[in-house]
Protein chains: 4
Amino acid sequence: MVIVMDETATKGQIEAVELRLKEKGFQIHRVDGVTRTILGAIGDKRGIDLREFEVMEGVHEVLRITQPYKLASRTFHPDDSVIQVKGALFGGDHIAMIAGPCSIESEKQLYAIAQSIKNSGARLLRGGAFKPRTSPYSFQGLGIDGLKIMNSIADELGLATVSEMMEIGQLDAMIEYVDIIQVGARNMQNFPLLKELGNIKKPILLKRGLAATIEELLMAAEYIMSGGNYQIILCERGIRTFETYTRNTMDISAIPVTQSLSHLPIIADPSHGTGRRDHVAPMARAAIAAGANGLIIEVHHDPDHALSDGAQSLYPNQFSRLMQELQTIAWTIGKTL
Amino acid sequence: MVIVMDETATKGQIEAVELRLKEKGFQIHRVDGVTRTILGAIGDKRGIDLREFEVMEGVHEVLRITQPYKLASRTFHPDDSVIQVKGALFGGDHIAMIAGPCSIESEKQLYAIAQSIKNSGARLLRGGAFKPRTSPYSFQGLGIDGLKIMNSIADELGLATVSEMMEIGQLDAMIEYVDIIQVGARNMQNFPLLKELGNIKKPILLKRGLAATIEELLMAAEYIMSGGNYQIILCERGIRTFETYTRNTMDISAIPVTQSLSHLPIIADPSHGTGRRDHVAPMARAAIAAGANGLIIEVHHDPDHALSDGAQSLYPNQFSRLMQELQTIAWTIGKTL
Amino acid sequence: MVIVMDETATKGQIEAVELRLKEKGFQIHRVDGVTRTILGAIGDKRGIDLREFEVMEGVHEVLRITQPYKLASRTFHPDDSVIQVKGALFGGDHIAMIAGPCSIESEKQLYAIAQSIKNSGARLLRGGAFKPRTSPYSFQGLGIDGLKIMNSIADELGLATVSEMMEIGQLDAMIEYVDIIQVGARNMQNFPLLKELGNIKKPILLKRGLAATIEELLMAAEYIMSGGNYQIILCERGIRTFETYTRNTMDISAIPVTQSLSHLPIIADPSHGTGRRDHVAPMARAAIAAGANGLIIEVHHDPDHALSDGAQSLYPNQFSRLMQELQTIAWTIGKTL
Amino acid sequence: MVIVMDETATKGQIEAVELRLKEKGFQIHRVDGVTRTILGAIGDKRGIDLREFEVMEGVHEVLRITQPYKLASRTFHPDDSVIQVKGALFGGDHIAMIAGPCSIESEKQLYAIAQSIKNSGARLLRGGAFKPRTSPYSFQGLGIDGLKIMNSIADELGLATVSEMMEIGQLDAMIEYVDIIQVGARNMQNFPLLKELGNIKKPILLKRGLAATIEELLMAAEYIMSGGNYQIILCERGIRTFETYTRNTMDISAIPVTQSLSHLPIIADPSHGTGRRDHVAPMARAAIAAGANGLIIEVHHDPDHALSDGAQSLYPNQFSRLMQELQTIAWTIGKTL
């Protein structure tokens, strides 16, 4: 932590800050510059609240210099983490594709979709069983029955499964039927949930919140990792900005930035990121071109009659064509899909 | 719902949209304008996904005309809801003040603060027992022991209590010890939690999420109300914008806007909204001047040693002075505090 | 400037940064902490681009510690600047009111409005002659003829005048006919324009850009002041956020924050900040309660037939009532209006 | 325009709106739905202010259905516009590359850079002569001398030139020495400037403002086009969001969205969009993969000593490698670079 004093700070004000720093266990390096004094506070105090010093008299600004996350940081883990799920690899030069419907609607529906995405080269099947709907009047998902359907189809076709967990009470079902547990954007800072997920051994797909900074996304990963579960796949799915033409604004630059800060893999969700079928393919290509370690894409064999998110689901033939484009782009930058 | 066709839409495209509307149970009013056709779709379908029509060929834009919330809307409940909690009134011309520390730290701490805020005229005591901290390395709260301390002090002093609930497992303790259950900004769209709160009889203090629109805040209230619990107090506590000088940007205009859309009372939280003690009083005055039905303010008798949020807590004498200013402002616009 | 090195930075990388700092004329204070090295760079180099160091190998972060503005800063000018315009005072404990129509439409229109706002206690008349319209198909203003009308009416009634300048070519007319020259939000970073305004002696009303940080607003003021014109009145008029219910989001907290950083007066524009007549009064009261040094409000005697912005203009009787409320609020916090 | 009345609107309120619509010259189609009345207003009134109706009693919402731009819209110009500048083509399946230094510093500097970008395959040379700097204390550019240097080097090497115009007074020099006139992000809504550019015959590179919606970008293009100059190349260069890790957030999705709304070509500026050299290549690839019609990239042979923006400039060998990757990506989606 570096505390920058006002140019007009008095001797007494500077000493008061020094005293408080000592109380908190910091070592102090004081630099008296031409116009102002700077206090370097040395010591690893990740839980400290900078504002405590900011509001002291004579303080101009307080600057944090330690990253608030450690386990998620690339500093102490320079190599990419590669997370393996039933043969699919996320991280390093490996790109993995997750595809499937927004909601599991029936065995027939899911089987048709699962088979088509497998034929196109995806190895992971997504499907929602517990749905976070903004309206209490919308379809809420099939629940555990949905997970059982997905589990049995994935087994038959040799696919891994991904599904979203919405609350702690769903954990047992998740552990039994799902290969990757997804934490949705609205739960990215649901701290009790994150803590529980730190105690299990399954890979977690952690989506960035609509208004979460990259640092907050990494702090959420840290929450899970601090419990002992290091298998985190991050996911960019769009942030909220002033632009209303698209549902959200996909922050493609978050992909290279996050990779420079963290060793964890990061994938992108162009379906939720754009909200419209016609923009999914361009943004999927953009994410892979920017270095994403994978994608999660909504595909439906009959989107006009989907029970949720039909408008952002690709038709199977669109997905198949997209997969071919993505393979060339991946190859161009030295990756394999 | 109004569907605006492209100026270049073909006869076949228009008919395809009409067909789909009929399938979904809408009545259609077709207007053939000078340059384009507009289809008015009549029928109350709150759960519908507009994008389903947006992605159809020849469709220019789809406009929703029914508000997605009903119970929270002022349309069918033109008078202000007034929520009464142990003699304090939120709503109409009544302003109620909630004050207290960020976290309950000890009986001694809470007692000192509770007494001081009571002397200044506040009738509701806040105190966190379960803390949502962005860092896993920070103080996490006293839990149920904290709630017991608060409950017994409030009883002695004749104050009502407010505390935040973070997950469904805390509900029983909340019902036993707390008068108003707070839903934090990060849980505003925790739908399983909202559903549970719909089944109880306690007033809920529902905070606006950092990236939530006013409409989404009202939809979250609707989630609770659709379960049968109509006692909702909304709370503006700052939104996330590009401005980084303040922790968040308090959206003061959300106060009159929400009041025009909904009959529910809305209060403001200038402590979290600004994050710094020196800006709390100006923003508290601004919120009351804009018509807020109350405030929730952090007060600490020794903020330098507070275990959380000390930097944004007022000293008791600052709070006392603020209360006097607020009373005059309230009186100016015909309200009582 | 403080340069924080990576925890894994090599000796060579640290030396390369030190060398570059010396080249640029900085003195270096090096602090070797437990986990990383920090380089304090001493020297007043306001024009430097921090990113030059950020992209060097082994650099974790670069933190600026000198404010990029100096003349606008409160550090070297601790007392409030008070700007006087024909008897009206902006700054310190003085609040001044500017009111009038969006556009000057005719002598008759302006006279009626000017008289009514004078009766309500305003001493400054606003009126647009050159209009920045987002659509090339909208009314563009009366130009110099409008300024002449305003000037003659203001003279007769003893009011001062405020009008917006859109480009350098309008400067001569402005100097001749206008008492305060307004720089609109879209021109806040029109640097050639700011430079010209630094060379004249008239007070400038400088509006914050829709996406401008408080620091950028102060930098824009600095641009003008560096030319020698110190009479700047800042103006908060709403920023662009994700919330779409209001046209913009008025950042009321920018008022106390700016006052803590700068000695310049700051006023608010609730008409453009909200865009709707029914929200102007609450936000006007909020701004004054938060400490604003004045307001600029659109008033029209016949807003239904106004040529621009009628929907956000108050009726004269609404303005009159508002003025009375504002006087009490001002008095409550020790100011005079 | 569609006017949605409140569910509780009275007969008198509906008639008042109808009357006003007639006054303004609209034809009315009235639909009385189950719960509310909707008024379809037919007539082409691009300059109308929707809020005029929004603030009327009994009005719930007013929805615009005509796009506010016409010349820029794809509706009446379904084919892509292709803009040709000395053999380089922007639009359709053609991708053109603009590269060069942020500022023209000297003949030697510019020649070295121009030659290297030409060898890598770029056909357009950028270079700033008039610099919009946020600080009055920074390097302000070489002015007309810079333009002359650029013009003569480009002639010799057979390149076209691009440079930014900051104010109307620079127009003559621009017309004489520059092939494409750039309007910077801060000037996107400088309406007097846009009008002047409508009267000339040069292609304009129009950058999206930091806080401009896609619709506002197209309205700015419309401003120029309404004067008769149809050669507009749009440019996405990052918008301002809450994320502070990157200087701006590049809105890659704006590329396919703009292409669906308009026939004009759109390119991307990953140098300003990211602000850091190490993120330029991933975002350049992303933009092309998303369908951009070109890029503008800062390249410097000695970025450590560049007078501006060195930190975001690529080294010539980085640019050369990037060009090869981009060619493959372009080919993958059926385009040529």
# chains A, B, ... in the order shown; residues from 1 in each chain; ligands from 1

$ residues_around --residues "Ala292 (chain C)" --least-positions-apart "2" --cutoff "9 Å" --atoms "only C-alpha atoms" --output "ChimeraX atom specification"
/C:91,95,252,255-256,259,265-268,286-290,294-295

$ calpha_fit_and_write --fixed "chain D" --moving "chain C" --output "short mmCIF file (atom, residue, chain, number, x, y, z; two decimals) with C-alpha atoms, in the first residue's frame"
data_model
loop_
_atom_site.label_atom_id
_atom_site.label_comp_id
_atom_site.auth_asym_id
_atom_site.auth_seq_id
_atom_site.Cartn_x
_atom_site.Cartn_y
_atom_site.Cartn_z
CA MET C 1 -44.50 6.72 -33.43
CA VAL C 2 -46.65 4.61 -31.13
CA ILE C 3 -48.18 6.17 -28.04
CA VAL C 4 -49.12 3.71 -25.33
CA MET C 5 -51.70 5.13 -22.94
CA ASP C 6 -51.90 4.21 -19.25
CA GLU C 7 -54.33 1.44 -18.37
CA THR C 8 -56.08 4.05 -16.26
CA ALA C 9 -56.04 6.84 -18.89
CA THR C 10 -59.31 8.73 -19.15
CA LYS C 11 -61.27 9.42 -22.30
CA GLY C 12 -60.29 13.08 -22.07
CA GLN C 13 -56.59 12.29 -21.79
CA ILE C 14 -56.71 10.07 -24.87
CA GLU C 15 -58.50 12.77 -26.84
CA ALA C 16 -55.97 15.38 -25.80
CA VAL C 17 -53.17 13.24 -27.20
CA GLU C 18 -55.10 12.65 -30.41
CA LEU C 19 -55.62 16.39 -30.77
CA ARG C 20 -51.92 17.12 -30.31
CA LEU C 21 -51.00 14.45 -32.86
CA LYS C 22 -53.34 16.02 -35.40
CA GLU C 23 -51.88 19.47 -34.74
CA LYS C 24 -48.45 18.04 -35.56
CA GLY C 25 -49.69 16.58 -38.83
CA PHE C 26 -49.90 12.89 -37.94
CA GLN C 27 -52.55 10.45 -39.07
CA ILE C 28 -53.85 8.36 -36.18
CA HIS C 29 -54.64 4.66 -35.96
CA ARG C 30 -56.27 3.94 -32.65
CA VAL C 31 -56.25 0.46 -31.15
CA ASP C 32 -58.39 -0.12 -28.04
CA GLY C 33 -56.87 -3.20 -26.39
CA VAL C 34 -58.14 -5.30 -23.50
CA THR C 35 -56.38 -3.21 -20.92
CA ARG C 36 -55.26 -0.05 -22.66
CA THR C 37 -55.41 2.14 -25.74
CA ILE C 38 -52.58 2.46 -28.22
CA LEU C 39 -52.30 5.29 -30.73
CA GLY C 40 -50.30 4.65 -33.87
CA ALA C 41 -49.14 7.97 -35.33
CA ILE C 42 -48.39 7.74 -39.03
CA GLY C 43 -46.30 10.36 -40.79
CA ASP C 44 -42.63 11.00 -41.41
CA LYS C 45 -41.55 13.52 -38.80
CA ARG C 46 -37.89 12.86 -38.13
CA GLY C 47 -37.32 16.03 -36.11
CA ILE C 48 -40.01 15.39 -33.49
CA ASP C 49 -39.22 15.17 -29.77
CA LEU C 50 -40.98 12.12 -28.32
CA ARG C 51 -40.84 13.51 -24.82
CA GLU C 52 -43.41 16.12 -25.78
CA PHE C 53 -45.96 13.32 -25.71
CA GLU C 54 -44.35 11.39 -22.87
CA VAL C 55 -45.07 14.15 -20.39
CA MET C 56 -48.78 14.41 -21.30
CA GLU C 57 -51.28 13.16 -18.74
CA GLY C 58 -52.32 9.53 -19.17
CA VAL C 59 -49.41 8.61 -21.44
CA HIS C 60 -47.54 5.48 -20.39
CA GLU C 61 -44.80 5.39 -23.00
CA VAL C 62 -43.92 6.73 -26.43
CA LEU C 63 -42.11 4.48 -28.86
CA ARG C 64 -40.36 5.70 -31.97
CA ILE C 65 -40.68 3.41 -34.95
CA THR C 66 -38.94 5.36 -37.66
CA GLN C 67 -35.17 5.21 -37.55
CA PRO C 68 -33.94 8.77 -37.07
CA TYR C 69 -31.43 8.30 -39.88
CA LYS C 70 -32.24 7.57 -43.49
CA LEU C 71 -29.23 8.05 -45.77
CA ALA C 72 -27.05 5.89 -43.53
CA SER C 73 -29.68 3.18 -43.21
CA ARG C 74 -29.43 -0.16 -44.94
CA THR C 75 -33.19 -0.15 -45.49
CA PHE C 76 -32.99 2.01 -48.59
CA HIS C 77 -29.53 0.93 -49.61
CA PRO C 78 -29.40 -2.84 -49.13
CA ASP C 79 -25.97 -3.33 -50.71
CA ASP C 80 -22.75 -2.51 -48.90
CA SER C 81 -21.17 0.81 -49.83
CA VAL C 82 -17.61 0.25 -50.98
CA ILE C 83 -15.31 3.22 -50.56
CA GLN C 84 -12.20 3.37 -52.68
CA VAL C 85 -9.15 5.41 -51.74
CA LYS C 86 -6.13 5.18 -54.08
CA GLY C 87 -6.75 1.51 -54.76
CA ALA C 88 -7.60 0.49 -51.21
CA LEU C 89 -11.21 -0.69 -50.74
CA PHE C 90 -13.34 -0.46 -47.59
CA GLY C 91 -16.61 -2.38 -47.59
CA GLY C 92 -18.22 -5.48 -48.99
CA ASP C 93 -15.68 -8.31 -48.92
CA HIS C 94 -12.77 -5.89 -48.94
CA ILE C 95 -10.61 -5.17 -45.94
CA ALA C 96 -8.18 -2.25 -45.93
CA MET C 97 -5.41 -1.56 -43.44
CA ILE C 98 -4.39 1.87 -42.14
CA ALA C 99 -1.19 2.01 -40.10
CA GLY C 100 1.37 4.50 -38.89
CA PRO C 101 2.43 6.55 -35.89
CA CYS C 102 0.16 8.40 -33.52
CA SER C 103 1.92 11.69 -34.29
CA ILE C 104 4.04 12.78 -37.20
CA GLU C 105 7.30 13.67 -35.46
CA SER C 106 9.82 14.15 -38.29
CA GLU C 107 10.47 13.18 -41.89
CA LYS C 108 12.94 10.54 -40.83
CA GLN C 109 10.56 8.96 -38.33
CA LEU C 110 7.62 8.90 -40.70
CA TYR C 111 9.60 7.57 -43.64
CA ALA C 112 10.95 4.63 -41.65
CA ILE C 113 7.50 3.71 -40.43
CA ALA C 114 5.76 4.24 -43.76
CA GLN C 115 8.19 1.95 -45.51
CA SER C 116 7.78 -0.80 -42.94
CA ILE C 117 3.99 -0.78 -42.99
CA LYS C 118 4.03 -0.78 -46.78
CA ASN C 119 6.24 -3.84 -46.73
CA SER C 120 3.77 -5.56 -44.43
CA GLY C 121 0.92 -4.91 -46.87
CA ALA C 122 -0.83 -1.79 -45.56
CA ARG C 123 -1.85 0.73 -48.24
CA LEU C 124 -2.86 3.64 -46.04
CA LEU C 125 -0.63 5.72 -43.79
CA ARG C 126 -1.94 7.40 -40.66
CA GLY C 127 -0.26 10.23 -38.77
CA GLY C 128 -1.52 12.97 -36.48
CA ALA C 129 -0.60 16.60 -37.16
CA PHE C 130 -3.15 18.32 -34.89
CA LYS C 131 -3.39 16.38 -31.63
CA PRO C 132 -6.34 16.50 -29.23
CA ARG C 133 -4.52 16.12 -25.91
CA THR C 134 -6.41 15.96 -22.63
CA SER C 135 -3.60 17.88 -20.95
CA PRO C 136 -2.67 21.41 -22.05
CA TYR C 137 0.89 20.51 -21.01
CA SER C 138 1.37 17.68 -23.62
CA PHE C 139 2.88 17.70 -27.15
CA GLN C 140 0.33 19.26 -29.52
CA GLY C 141 1.56 18.12 -32.97
CA LEU C 142 3.52 19.58 -35.91
CA GLY C 143 0.48 21.10 -37.64
CA ILE C 144 0.55 21.80 -41.37
CA ASP C 145 4.28 21.05 -41.58
CA GLY C 146 3.46 17.55 -40.45
CA LEU C 147 0.81 17.15 -43.13
CA LYS C 148 3.26 18.24 -45.81
CA ILE C 149 5.81 15.68 -44.64
CA MET C 150 3.21 12.93 -44.69
CA ASN C 151 1.87 13.93 -48.08
CA SER C 152 5.27 13.84 -49.73
CA ILE C 153 6.30 10.50 -48.20
CA ALA C 154 2.97 8.90 -49.12
CA ASP C 155 3.33 10.15 -52.68
CA GLU C 156 6.75 8.64 -52.98
CA LEU C 157 5.68 5.27 -51.59
CA GLY C 158 2.27 5.14 -53.26
CA LEU C 159 0.27 5.17 -50.04
CA ALA C 160 -2.92 7.02 -49.21
CA THR C 161 -3.02 9.21 -46.08
CA VAL C 162 -5.31 9.59 -43.07
CA SER C 163 -5.13 12.41 -40.52
CA GLU C 164 -7.40 13.92 -37.91
CA MET C 165 -9.06 17.30 -38.32
CA MET C 166 -9.88 19.06 -35.08
CA GLU C 167 -11.57 22.24 -36.13
CA ILE C 168 -13.08 23.94 -39.14
CA GLY C 169 -10.07 26.23 -39.57
CA GLN C 170 -7.96 23.22 -40.56
CA LEU C 171 -10.19 22.20 -43.47
CA ASP C 172 -8.21 23.78 -46.32
CA ALA C 173 -4.97 22.14 -45.26
CA MET C 174 -6.75 18.83 -44.92
CA ILE C 175 -8.23 19.01 -48.39
CA GLU C 176 -4.84 19.79 -49.86
CA TYR C 177 -2.71 17.18 -48.12
CA VAL C 178 -4.88 14.33 -46.82
CA ASP C 179 -6.81 11.52 -48.57
CA ILE C 180 -9.12 10.55 -45.71
CA ILE C 181 -10.10 13.11 -43.09
CA GLN C 182 -10.55 11.63 -39.64
CA VAL C 183 -13.12 12.93 -37.16
CA GLY C 184 -12.00 11.93 -33.68
CA ALA C 185 -14.17 10.39 -31.01
CA ARG C 186 -14.46 13.68 -29.10
CA ASN C 187 -15.73 15.44 -32.22
CA MET C 188 -18.31 12.83 -33.24
CA GLN C 189 -21.07 15.22 -32.22
CA ASN C 190 -19.33 18.46 -33.16
CA PHE C 191 -22.20 19.39 -35.43
CA PRO C 192 -20.71 22.51 -37.08
CA LEU C 193 -17.68 20.41 -38.05
CA LEU C 194 -19.85 17.59 -39.42
CA LYS C 195 -21.80 20.07 -41.51
CA GLU C 196 -18.64 21.42 -43.12
CA LEU C 197 -17.52 17.92 -43.98
CA GLY C 198 -20.82 17.32 -45.73
CA ASN C 199 -19.88 19.93 -48.30
CA ILE C 200 -16.62 18.38 -49.47
CA LYS C 201 -15.78 15.38 -51.61
CA LYS C 202 -13.19 13.55 -49.47
CA PRO C 203 -13.86 10.29 -47.62
CA ILE C 204 -14.38 10.79 -43.89
CA LEU C 205 -13.24 8.38 -41.18
CA LEU C 206 -15.80 8.93 -38.42
CA LYS C 207 -14.89 7.56 -35.01
CA ARG C 208 -17.52 6.52 -32.52
CA GLY C 209 -17.60 8.71 -29.41
CA LEU C 210 -16.68 7.23 -26.05
CA ALA C 211 -20.27 7.38 -24.86
CA ALA C 212 -22.06 7.27 -28.18
CA THR C 213 -24.64 4.63 -29.00
CA ILE C 214 -24.54 2.96 -32.38
CA GLU C 215 -27.61 4.97 -33.32
CA GLU C 216 -25.86 8.21 -32.45
CA LEU C 217 -22.87 7.19 -34.55
CA LEU C 218 -25.20 6.63 -37.50
CA MET C 219 -26.89 9.98 -36.81
CA ALA C 220 -23.48 11.66 -36.97
CA ALA C 221 -22.88 9.98 -40.33
CA GLU C 222 -26.31 11.21 -41.40
CA TYR C 223 -25.29 14.76 -40.52
CA ILE C 224 -22.40 14.58 -42.99
CA MET C 225 -24.38 12.69 -45.63
CA SER C 226 -27.27 15.15 -45.49
CA GLY C 227 -24.81 17.70 -46.91
CA GLY C 228 -24.02 15.49 -49.89
CA ASN C 229 -20.84 13.65 -48.89
CA TYR C 230 -21.65 9.94 -48.84
CA GLN C 231 -18.12 8.58 -48.40
CA ILE C 232 -18.15 7.72 -44.72
CA ILE C 233 -16.05 5.03 -43.06
CA LEU C 234 -17.24 4.36 -39.51
CA CYS C 235 -14.82 3.32 -36.78
CA GLU C 236 -15.27 1.48 -33.47
CA ARG C 237 -12.56 2.53 -31.02
CA GLY C 238 -13.84 1.57 -27.60
CA ILE C 239 -16.53 2.86 -25.30
CA ARG C 240 -16.37 3.95 -21.71
CA THR C 241 -17.58 1.40 -19.19
CA PHE C 242 -17.05 0.63 -15.52
CA GLU C 243 -14.10 -1.66 -16.34
CA THR C 244 -10.89 0.24 -15.68
CA TYR C 245 -8.27 -2.35 -16.45
CA THR C 246 -8.36 -1.41 -20.12
CA ARG C 247 -8.44 2.26 -21.10
CA ASN C 248 -11.75 1.69 -22.90
CA THR C 249 -13.88 -1.34 -23.70
CA MET C 250 -13.80 -2.22 -27.40
CA ASP C 251 -17.35 -3.00 -28.42
CA ILE C 252 -16.60 -5.68 -30.98
CA SER C 253 -20.29 -6.52 -31.27
CA ALA C 254 -20.87 -3.03 -32.64
CA ILE C 255 -19.26 -4.25 -35.85
CA PRO C 256 -21.90 -6.82 -36.90
CA VAL C 257 -24.70 -4.72 -35.41
CA THR C 258 -23.72 -1.60 -37.35
CA GLN C 259 -23.36 -3.63 -40.52
CA SER C 260 -26.91 -4.91 -40.09
CA LEU C 261 -28.27 -1.37 -39.66
CA SER C 262 -26.18 0.48 -42.23
CA HIS C 263 -24.55 0.00 -45.62
CA LEU C 264 -21.50 2.00 -44.58
CA PRO C 265 -18.18 0.21 -43.95
CA ILE C 266 -16.95 -0.01 -40.37
CA ILE C 267 -13.37 -0.49 -39.24
CA ALA C 268 -11.83 -0.85 -35.79
CA ASP C 269 -9.04 0.92 -33.90
CA PRO C 270 -7.53 -1.61 -31.49
CA SER C 271 -4.71 0.77 -30.54
CA HIS C 272 -6.97 3.35 -28.91
CA GLY C 273 -9.50 0.69 -28.02
CA THR C 274 -7.08 -1.06 -25.69
CA GLY C 275 -4.37 1.53 -25.01
CA ARG C 276 -1.68 -1.13 -24.54
CA ARG C 277 0.59 -2.73 -27.11
CA ASP C 278 0.20 -6.25 -25.73
CA HIS C 279 -3.57 -6.27 -26.30
CA VAL C 280 -3.59 -4.76 -29.79
CA ALA C 281 -3.01 -7.97 -31.76
CA PRO C 282 -5.74 -10.06 -30.04
CA MET C 283 -8.27 -7.29 -30.53
CA ALA C 284 -7.20 -6.68 -34.14
CA ARG C 285 -7.80 -10.37 -34.88
CA ALA C 286 -11.12 -10.26 -33.03
CA ALA C 287 -12.34 -7.29 -35.05
CA ILE C 288 -11.51 -8.92 -38.38
CA ALA C 289 -13.03 -12.23 -37.23
CA ALA C 290 -16.22 -10.32 -36.35
CA GLY C 291 -16.38 -8.89 -39.87
CA ALA C 292 -14.69 -5.48 -39.70
CA ASN C 293 -13.98 -3.82 -43.06
CA GLY C 294 -10.56 -2.69 -41.97
CA LEU C 295 -8.35 -1.60 -39.11
CA ILE C 296 -6.41 1.48 -38.11
CA ILE C 297 -3.35 0.54 -36.07
CA GLU C 298 -0.56 2.56 -34.52
CA VAL C 299 2.92 1.40 -35.52
CA HIS C 300 6.17 3.06 -34.48
CA HIS C 301 9.76 2.05 -35.21
CA ASP C 302 10.91 3.33 -31.82
CA PRO C 303 7.88 3.48 -29.54
CA ASP C 304 9.97 4.04 -26.41
CA HIS C 305 10.81 7.48 -27.72
CA ALA C 306 7.51 8.29 -29.44
CA LEU C 307 6.17 11.74 -28.58
CA SER C 308 2.68 10.35 -27.98
CA ASP C 309 0.98 6.99 -27.48
CA GLY C 310 4.20 4.96 -27.68
CA ALA C 311 2.77 2.46 -25.22
CA GLN C 312 0.04 1.42 -27.64
CA SER C 313 2.15 1.35 -30.80
CA LEU C 314 3.25 -1.95 -32.31
CA TYR C 315 6.82 -2.54 -33.35
CA PRO C 316 7.09 -3.02 -37.14
CA ASN C 317 7.82 -6.74 -36.80
CA GLN C 318 4.76 -7.23 -34.58
CA PHE C 319 2.65 -5.52 -37.22
CA SER C 320 4.11 -7.69 -39.94
CA ARG C 321 3.28 -10.90 -38.06
CA LEU C 322 -0.21 -9.63 -37.28
CA MET C 323 -0.88 -8.91 -40.96
CA GLN C 324 -0.20 -12.55 -41.80
CA GLU C 325 -2.63 -13.81 -39.14
CA LEU C 326 -5.27 -11.36 -40.32
CA GLN C 327 -4.99 -12.55 -43.89
CA THR C 328 -5.84 -16.12 -42.87
CA ILE C 329 -8.74 -15.00 -40.69
CA ALA C 330 -10.11 -12.81 -43.50
CA TRP C 331 -9.86 -15.72 -45.91
CA THR C 332 -11.72 -17.99 -43.46
CA ILE C 333 -14.79 -15.76 -43.63
CA GLY C 334 -14.61 -15.10 -47.34
CA LYS C 335 -12.91 -11.72 -47.36
CA THR C 336 -9.70 -10.39 -48.84
CA LEU C 337 -7.14 -8.25 -47.12
#

$ select_by_dssp --residues "region 1-39 of chain C" --states "helix (DSSP H, G or I)" --output "ChimeraX atom specification"
/C:11-23

$ select_by_dssp --residues "region 38-129 of chain D" --states "strand (DSSP E)" --output "PyMOL selection string"
chain D and resi 38-42+59-63+83-85+88-90+96-100+124-126

$ decode --residues "region 262-290 of chain D" --atoms "C-alpha atoms" --output "compact mmCIF listing (two decimals), in the first residue's frame"
# COMPACT_ATOMS: atom_id res chain seq x y z
CA SER D 262 -26.17 0.50 -42.21
CA HIS D 263 -24.56 0.00 -45.60
CA LEU D 264 -21.49 2.01 -44.57
CA PRO D 265 -18.18 0.22 -43.95
CA ILE D 266 -16.96 0.00 -40.35
CA ILE D 267 -13.37 -0.49 -39.23
CA ALA D 268 -11.82 -0.85 -35.77
CA ASP D 269 -9.03 0.91 -33.90
CA PRO D 270 -7.53 -1.61 -31.49
CA SER D 271 -4.70 0.77 -30.55
CA HIS D 272 -6.97 3.35 -28.92
CA GLY D 273 -9.50 0.71 -28.01
CA THR D 274 -7.07 -1.05 -25.70
CA GLY D 275 -4.35 1.52 -25.00
CA ARG D 276 -1.69 -1.14 -24.57
CA ARG D 277 0.57 -2.73 -27.14
CA ASP D 278 0.20 -6.25 -25.74
CA HIS D 279 -3.56 -6.28 -26.30
CA VAL D 280 -3.58 -4.76 -29.78
CA ALA D 281 -3.01 -7.98 -31.75
CA PRO D 282 -5.73 -10.07 -30.03
CA MET D 283 -8.28 -7.29 -30.50
CA ALA D 284 -7.20 -6.68 -34.12
CA ARG D 285 -7.80 -10.38 -34.87
CA ALA D 286 -11.13 -10.27 -33.01
CA ALA D 287 -12.35 -7.30 -35.04
CA ILE D 288 -11.51 -8.93 -38.36
CA ALA D 289 -13.04 -12.23 -37.22
CA ALA D 290 -16.23 -10.32 -36.33
